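Data block for query-v6.cif (mmCIF, C-alpha atoms and all ligand atoms):
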```cif
data_protein
loop_
_atom_site.label_atom_id
_atom_site.label_comp_id
_atom_site.auth_asym_id
_atom_site.auth_seq_id
_atom_site.Cartn_x
_atom_site.Cartn_y
_atom_site.Cartn_z
CA MET Y 1 42.71 -12.63 48.37
CA LYS Y 2 42.93 -11.98 44.64
CA LEU Y 3 42.49 -15.66 44.00
CA LEU Y 4 39.42 -15.79 46.24
CA HIS Y 5 37.91 -12.81 44.43
CA ALA Y 6 38.56 -14.44 41.06
CA SER Y 7 36.94 -17.70 42.10
CA VAL Y 8 33.86 -15.90 43.49
CA CYS Y 9 33.54 -14.10 40.16
CA LEU Y 10 33.91 -17.32 38.20
CA ILE Y 11 31.38 -19.15 40.36
CA SER Y 12 28.84 -16.34 40.03
CA LEU Y 13 29.34 -16.34 36.26
CA LEU Y 14 28.78 -20.09 36.12
CA LEU Y 15 25.61 -19.67 38.16
CA VAL Y 16 24.03 -16.99 35.95
CA LEU Y 17 25.08 -18.46 32.57
CA PRO Y 18 22.37 -21.15 32.42
CA SER Y 19 19.64 -18.60 33.15
CA ILE Y 20 20.93 -16.33 30.38
CA PHE Y 21 20.70 -19.23 27.93
CA ALA Y 22 17.32 -20.33 29.27
CA ALA Y 23 15.98 -16.81 28.79
CA SER Y 24 17.12 -16.61 25.18
CA SER Y 25 16.01 -20.12 24.20
CA SER Y 26 12.62 -19.75 25.89
CA LYS Y 27 11.92 -16.93 23.43
CA ASP Y 28 12.55 -19.30 20.55
CA PHE Y 29 9.66 -21.26 19.05
CA ASP Y 30 8.58 -24.75 20.12
CA PHE Y 31 7.34 -26.49 16.97
CA PHE Y 32 6.02 -25.84 13.46
CA TYR Y 33 2.59 -26.11 11.92
CA PHE Y 34 2.88 -27.43 8.38
CA VAL Y 35 -0.25 -26.17 6.64
CA GLN Y 36 -1.64 -27.41 3.33
CA GLN Y 37 -4.66 -26.02 1.50
CA TRP Y 38 -7.26 -27.67 -0.72
CA PRO Y 39 -7.45 -25.49 -3.87
CA GLY Y 40 -11.10 -26.35 -4.52
CA SER Y 41 -12.03 -24.81 -1.17
CA TYR Y 42 -9.95 -21.68 -1.73
CA CYS Y 43 -11.64 -21.15 -5.09
CA ASP Y 44 -15.34 -21.96 -4.54
CA THR Y 45 -15.92 -19.31 -1.87
CA GLN Y 46 -17.73 -16.03 -2.42
CA LYS Y 47 -14.33 -14.40 -2.94
CA SER Y 48 -13.17 -16.83 -5.63
CA CYS Y 49 -9.55 -17.18 -6.78
CA CYS Y 50 -7.10 -16.67 -9.65
CA TYR Y 51 -4.97 -19.40 -11.18
CA PRO Y 52 -1.23 -18.79 -11.22
CA THR Y 53 0.39 -17.45 -14.40
CA SER Y 54 1.76 -20.97 -15.06
CA GLY Y 55 -1.80 -22.34 -15.36
CA LYS Y 56 -4.34 -24.29 -13.32
CA PRO Y 57 -2.58 -26.22 -10.54
CA ALA Y 58 -3.01 -29.97 -10.14
CA ALA Y 59 -6.08 -31.17 -8.22
CA ASP Y 60 -3.97 -31.78 -5.13
CA PHE Y 61 -3.31 -30.17 -1.76
CA GLY Y 62 -0.88 -27.27 -2.04
CA ILE Y 63 1.49 -25.92 0.57
CA HIS Y 64 0.35 -22.83 2.48
CA GLY Y 65 3.26 -22.55 4.86
CA LEU Y 66 5.56 -23.84 7.56
CA TRP Y 67 4.82 -21.79 10.65
CA PRO Y 68 6.95 -21.64 13.80
CA ASN Y 69 4.70 -21.66 16.88
CA TYR Y 70 4.84 -21.58 20.64
CA LYS Y 71 3.19 -24.35 22.58
CA ASP Y 72 0.85 -21.87 24.29
CA GLY Y 73 -0.73 -21.27 20.86
CA THR Y 74 0.87 -17.88 20.17
CA TYR Y 75 3.46 -17.42 17.45
CA PRO Y 76 6.27 -15.12 16.37
CA SER Y 77 6.08 -13.30 13.04
CA ASN Y 78 8.24 -11.10 10.82
CA CYS Y 79 11.37 -11.81 12.82
CA ASP Y 80 14.17 -10.56 10.58
CA ALA Y 81 13.80 -7.71 8.12
CA SER Y 82 17.48 -8.09 7.23
CA LYS Y 83 16.83 -11.44 5.50
CA PRO Y 84 14.45 -10.66 2.61
CA PHE Y 85 13.14 -13.37 0.32
CA ASP Y 86 15.79 -14.08 -2.31
CA SER Y 87 14.63 -16.36 -5.11
CA SER Y 88 18.23 -16.78 -6.32
CA THR Y 89 18.94 -18.90 -3.21
CA ILE Y 90 16.17 -21.33 -4.17
CA SER Y 91 16.51 -21.41 -7.96
CA ASP Y 92 16.87 -25.22 -7.84
CA LEU Y 93 13.48 -25.47 -6.08
CA ILE Y 94 11.37 -23.06 -8.15
CA SER Y 95 9.90 -25.60 -10.56
CA SER Y 96 8.82 -27.88 -7.68
CA MET Y 97 7.44 -24.87 -5.83
CA LYS Y 98 5.30 -23.91 -8.82
CA ARG Y 99 3.80 -27.40 -8.70
CA SER Y 100 3.55 -27.92 -4.94
CA TRP Y 101 3.14 -24.39 -3.57
CA PRO Y 102 0.91 -22.66 -6.13
CA THR Y 103 -0.66 -19.29 -5.41
CA LEU Y 104 -4.42 -18.91 -5.86
CA ALA Y 105 -4.80 -15.31 -4.76
CA CYS Y 106 -5.90 -12.60 -7.18
CA PRO Y 107 -4.54 -11.10 -9.29
CA SER Y 108 -2.69 -14.06 -10.87
CA GLY Y 109 0.97 -14.29 -10.01
CA SER Y 110 3.93 -16.62 -10.42
CA GLY Y 111 3.88 -17.57 -6.73
CA GLU Y 112 6.85 -15.42 -5.72
CA ALA Y 113 4.69 -12.95 -3.78
CA PHE Y 114 3.10 -15.81 -1.79
CA TRP Y 115 6.48 -17.46 -1.06
CA GLU Y 116 7.98 -14.12 -0.14
CA HIS Y 117 5.11 -13.43 2.28
CA GLU Y 118 5.47 -16.88 3.91
CA TRP Y 119 9.24 -16.52 4.22
CA GLU Y 120 9.11 -13.01 5.64
CA LYS Y 121 6.22 -13.60 8.06
CA HIS Y 122 7.05 -17.13 9.22
CA GLY Y 123 10.33 -18.36 7.73
CA THR Y 124 12.42 -15.55 9.25
CA CYS Y 125 11.31 -16.79 12.68
CA SER Y 126 12.88 -20.21 12.09
CA GLU Y 127 16.39 -19.01 11.22
CA SER Y 128 17.86 -20.43 14.43
CA VAL Y 129 17.16 -23.86 12.91
CA ILE Y 130 16.88 -23.62 9.11
CA ASN Y 131 18.03 -21.20 6.44
CA GLN Y 132 15.94 -19.96 3.51
CA HIS Y 133 16.82 -22.86 1.22
CA GLU Y 134 16.10 -25.39 3.97
CA TYR Y 135 12.81 -23.65 4.81
CA PHE Y 136 11.46 -24.21 1.31
CA GLN Y 137 13.13 -27.59 0.77
CA THR Y 138 11.76 -28.94 4.07
CA SER Y 139 8.27 -27.80 3.13
CA LEU Y 140 8.46 -29.53 -0.25
CA LYS Y 141 9.69 -32.72 1.39
CA LEU Y 142 6.89 -32.63 3.96
CA LYS Y 143 4.26 -32.26 1.27
CA GLN Y 144 5.57 -35.33 -0.54
CA GLN Y 145 5.93 -37.29 2.65
CA THR Y 146 2.44 -36.55 3.95
CA ASN Y 147 0.63 -37.19 0.64
CA LEU Y 148 -2.72 -36.02 2.00
CA LEU Y 149 -4.74 -36.70 -1.12
CA GLY Y 150 -3.37 -40.27 -1.23
CA ALA Y 151 -4.32 -40.77 2.42
CA LEU Y 152 -7.88 -39.58 1.82
CA THR Y 153 -8.55 -41.40 -1.46
CA LYS Y 154 -7.21 -44.63 0.01
CA ALA Y 155 -10.01 -44.34 2.56
CA GLY Y 156 -12.61 -43.68 -0.16
CA ILE Y 157 -12.71 -39.92 0.53
CA ASN Y 158 -12.60 -38.17 -2.83
CA PRO Y 159 -12.81 -34.53 -3.95
CA ASP Y 160 -16.20 -35.08 -5.57
CA GLY Y 161 -18.38 -32.45 -3.91
CA ASN Y 162 -19.84 -35.00 -1.47
CA SER Y 163 -19.78 -34.67 2.30
CA TYR Y 164 -17.70 -36.86 4.58
CA SER Y 165 -17.52 -37.10 8.33
CA LEU Y 166 -14.83 -34.95 9.91
CA GLU Y 167 -13.84 -38.01 11.93
CA SER Y 168 -13.26 -40.17 8.85
CA ILE Y 169 -11.08 -37.43 7.32
CA ARG Y 170 -9.05 -37.03 10.48
CA ASP Y 171 -8.72 -40.80 10.95
CA SER Y 172 -7.56 -41.50 7.39
CA ILE Y 173 -4.79 -38.89 7.65
CA LYS Y 174 -3.76 -40.21 11.05
CA GLU Y 175 -3.74 -43.77 9.72
CA SER Y 176 -1.52 -42.82 6.81
CA THR Y 177 0.88 -40.27 8.35
CA GLY Y 178 0.91 -41.66 11.88
CA PHE Y 179 -0.05 -38.25 13.34
CA THR Y 180 -3.29 -36.49 14.23
CA PRO Y 181 -4.07 -33.61 11.86
CA TRP Y 182 -6.07 -30.49 12.60
CA ILE Y 183 -8.72 -29.77 9.98
CA GLU Y 184 -9.70 -26.18 9.21
CA CYS Y 185 -12.95 -25.49 7.38
CA ASN Y 186 -14.25 -22.56 5.41
CA ARG Y 187 -17.55 -22.02 3.58
CA ASP Y 188 -18.38 -22.49 -0.07
CA GLY Y 189 -20.47 -19.94 -2.01
CA SER Y 190 -23.69 -21.43 -0.56
CA GLY Y 191 -22.44 -21.44 3.01
CA ASN Y 192 -21.61 -25.15 3.41
CA SER Y 193 -18.73 -26.09 5.71
CA GLN Y 194 -15.90 -27.63 3.71
CA LEU Y 195 -12.38 -29.05 4.06
CA TYR Y 196 -10.05 -26.07 3.60
CA GLN Y 197 -6.69 -26.61 5.32
CA VAL Y 198 -4.89 -29.47 7.03
CA TYR Y 199 -2.39 -28.77 9.83
CA LEU Y 200 0.27 -31.25 10.87
CA CYS Y 201 2.99 -30.55 13.42
CA VAL Y 202 6.75 -30.76 12.94
CA ASP Y 203 9.42 -30.81 15.64
CA ARG Y 204 11.45 -27.64 16.22
CA SER Y 205 14.49 -28.93 14.36
CA ALA Y 206 12.29 -29.54 11.30
CA SER Y 207 13.30 -33.17 11.14
CA GLY Y 208 9.91 -34.86 11.21
CA LEU Y 209 6.24 -34.94 12.18
CA ILE Y 210 5.16 -34.95 15.81
CA GLU Y 211 1.81 -34.97 17.61
CA CYS Y 212 0.67 -31.35 17.91
CA PRO Y 213 1.44 -29.75 21.30
CA ILE Y 214 -1.64 -27.57 20.79
CA PHE Y 215 -4.27 -27.30 18.09
CA PRO Y 216 -5.43 -24.04 16.53
CA ARG Y 217 -8.96 -22.89 17.29
CA GLY Y 218 -11.92 -23.15 14.98
CA LYS Y 219 -14.71 -25.48 14.19
CA CYS Y 220 -15.92 -27.61 11.28
CA GLY Y 221 -19.31 -29.31 11.02
CA THR Y 222 -19.41 -33.03 11.84
CA GLU Y 223 -19.98 -33.63 8.11
CA ILE Y 224 -17.95 -31.50 5.71
CA GLU Y 225 -17.85 -31.11 1.98
CA PHE Y 226 -14.82 -32.08 -0.09
CA PRO Y 227 -15.26 -29.99 -3.25
CA SER Y 228 -13.71 -30.84 -6.58
CA PHE Y 229 -11.08 -28.65 -8.18
P1 LIG E 1 -6.41 -16.70 9.79
O1 LIG E 1 -6.70 -15.54 10.66
O2 LIG E 1 -6.91 -16.59 8.40
O3 LIG E 1 -6.65 -18.03 10.42
O4 LIG E 1 -4.83 -16.68 9.62
C1 LIG E 1 -4.18 -15.66 8.97
C2 LIG E 1 -2.72 -15.92 9.01
O5 LIG E 1 -2.22 -15.81 10.34
C3 LIG E 1 -2.29 -17.34 8.59
O6 LIG E 1 -2.23 -17.51 7.23
C4 LIG E 1 -0.95 -17.41 9.24
O7 LIG E 1 -0.01 -16.66 8.53
C5 LIG E 1 -1.20 -16.77 10.56
N1 LIG E 1 -1.69 -17.75 11.56
C6 LIG E 1 -2.99 -18.00 11.90
N2 LIG E 1 -3.05 -18.92 12.87
C7 LIG E 1 -1.78 -19.26 13.15
C8 LIG E 1 -1.19 -20.15 14.10
O8 LIG E 1 -1.86 -20.83 14.89
N3 LIG E 1 0.15 -20.23 14.09
C9 LIG E 1 0.92 -19.50 13.26
N4 LIG E 1 2.25 -19.66 13.34
N5 LIG E 1 0.42 -18.65 12.37
C10 LIG E 1 -0.92 -18.52 12.32
P1 LIG E 2 -1.08 -15.79 5.78
O1 LIG E 2 -2.52 -16.03 5.77
O2 LIG E 2 -0.16 -16.92 5.57
O3 LIG E 2 -0.59 -14.69 6.64
O4 LIG E 2 -1.02 -14.99 4.43
C1 LIG E 2 -1.43 -15.45 3.25
C2 LIG E 2 -1.10 -14.30 2.31
O5 LIG E 2 -0.63 -14.85 1.10
C3 LIG E 2 -2.30 -13.44 2.02
O6 LIG E 2 -1.86 -12.11 1.86
C4 LIG E 2 -2.78 -13.99 0.71
O7 LIG E 2 -3.38 -13.02 -0.10
C5 LIG E 2 -1.48 -14.45 0.07
N1 LIG E 2 -1.69 -15.62 -0.78
C6 LIG E 2 -1.26 -15.71 -2.04
N2 LIG E 2 -1.61 -16.89 -2.56
C7 LIG E 2 -2.28 -17.56 -1.61
C8 LIG E 2 -2.90 -18.84 -1.57
O8 LIG E 2 -2.90 -19.62 -2.53
N3 LIG E 2 -3.47 -19.19 -0.40
C9 LIG E 2 -3.49 -18.37 0.69
N4 LIG E 2 -4.07 -18.81 1.80
N5 LIG E 2 -2.93 -17.16 0.68
C10 LIG E 2 -2.33 -16.75 -0.46
#
```
Can you present the structure in this file as structure tokens?
Ligand code: 5GP
Ligand code: 5GP
Amino acid sequence: MKLLHASVCLISLLLVLPSIFAASSSKDFDFFYFVQQWPGSYCDTQKSCCYPTSGKPAADFGIHGLWPNYKDGTYPSNCDASKPFDSSTISDLISSMKRSWPTLACPSGSGEAFWEHEWEKHGTCSESVINQHEYFQTSLKLKQQTNLLGALTKAGINPDGNSYSLESIRDSIKESTGFTPWIECNRDGSGNSQLYQVYLCVDRSASGLIECPIFPRGKCGTEIEFPSF
């Protein structure tokens, strides 16, 4: 009788275990958006910008963030207050971050406040997959790997203040990276629609680009400006 009772218990445990795991993993995120910003379009708006304390950044796309997301379009944020940003864990990356992840918000800063915000809001939600060092290192690697400015200039699309078709911008990035980007626009000081941010998707283990399971919302014109910086 005891043996029968024990086996019933064991069998019931085996039956509920998978659903316990399914419940916890379904709360975890599905993929990342890797978001890069064009500095010219951050700076020529009505709000304007401030260069970082280390000086004017290169005329290149800069990292905005690596954002865990659910495939229904919603996303987790500020997941772990017990893991604050700690620059000492990424001291080997700081000089690359100043180059590739510059802050343009006012007042001028070194970048730490921007990186801290991105880590605390988004990075802490990816801790099941990557730690703080990996979060920043992966982002730096993705920027290099995607080389957005190279992809665009190769197709004759230059940051010269001219307008280009949204389709040609999307196509040139797809041609070069192999994956369809999402283009986000904002408006310059005179109200023209311009190329502001480029979203690419990364698989949930942060090992490489994937086609996006869902695109963010928003709309650009069919022709958009690519301002200089
Ligand atoms: P905005 O409202 O300016 O588009 O976005 C403000 C901030 O909300 C972004 O910088 C980012 O931190 C977060 N955010 C906006 N859209 C998304 C999204 O689709 N996925 C994730 N993970 N974060 C987003
Ligand atoms: P998100 O939009 O990712 O939630 O938040 C961006 C935050 O980082 C804002 O509080 C913004 O002021 C700050 N920030 C600092 N530097 C930059 C920058 O260069 N670009 C953007 N988009 N936000 C920045």
Which of Y:Lys56, Y:Lys47, Y:Lys141, Y:His133 sits closest to Phe229 (chain Y) [using only C-alpha atoms]: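 Nearest to Phe229 (chain Y): Y:Lys56.
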Ligand LIG 2 (chain E) neighbours within 10 Å using all atoms listed in the file, as number ranges by chain: Y: 35-39, 42-43, 49-52, 62-67, 77, 101-122, 196-197
Step by step, gather every atom of region 175-192 of chain Y that the file lists, find the box along x, y and z that holds them, add 4 Å on each side, and finally give centre and edge lengths in Å to one decimal, as AutoDock Vina command-line options.
```
--center_x -11.4 --center_y -31.9 --center_z 6.1 --size_x 32.6 --size_y 31.8 --size_z 24.2
```
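If you look at CA of Glu175 (chain Y) and CA of Ala155 (chain Y), they are 9.5 Å away from each other.
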Spatial neighbours of Ala206 (chain Y), max dist 9 Å, only C-alpha atoms, sep filter under 2 positions, as a list in words: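 Once the nearby chain positions are removed, what remains is Phe31, Phe32, Val129, Ile130, Tyr135, Thr138, Val202, Asp203, Arg204, Gly208 and Leu209 of chain Y.
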Cut-off 7 Å, only C-alpha atoms and all ligand atoms, neighbours of ligand LIG 1 (chain E) as a PyMOL selection string: chain Y and resi 33+67-69+73-76+121-122+216
CA of Gln145 (chain Y) to CA of Tyr70 (chain Y), straight-line distance in Å: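 Here the two named atoms are 23.9 Å from each other.
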Interatomic distance (Å, one decimal) between CA of Glu184 (chain Y) and CA of Leu166 (chain Y):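 CA of Leu166 (chain Y) lies 10.2 Å from CA of Glu184 (chain Y).
Proximity ranking of Y:Cys185, Y:Leu93, Y:Leu142, Y:Ala81 relative to Cys220 (chain Y) places Y:Cys185 first, based on only C-alpha atoms.
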Exercise: residues within 7 Å of coordinate (-15.6, -19.6, 1.1), counting only C-alpha atoms, as number ranges by chain: Y: 41-42, 44-47, 186-189
May I have the residues from that selection written out with C-alpha atoms, as a PDB file, in the frame of the given file?
```pdb
ATOM      1  CA  SER Y  41     -12.030 -24.810  -1.170  1.00  0.00           C
ATOM      2  CA  TYR Y  42      -9.950 -21.680  -1.730  1.00  0.00           C
ATOM      3  CA  ASP Y  44     -15.340 -21.960  -4.540  1.00  0.00           C
ATOM      4  CA  THR Y  45     -15.920 -19.310  -1.870  1.00  0.00           C
ATOM      5  CA  GLN Y  46     -17.730 -16.030  -2.420  1.00  0.00           C
ATOM      6  CA  LYS Y  47     -14.330 -14.400  -2.940  1.00  0.00           C
ATOM      7  CA  ASN Y 186     -14.250 -22.560   5.410  1.00  0.00           C
ATOM      8  CA  ARG Y 187     -17.550 -22.020   3.580  1.00  0.00           C
ATOM      9  CA  ASP Y 188     -18.380 -22.490  -0.070  1.00  0.00           C
ATOM     10  CA  GLY Y 189     -20.470 -19.940  -2.010  1.00  0.00           C
TER      11      GLY Y 189
END
```
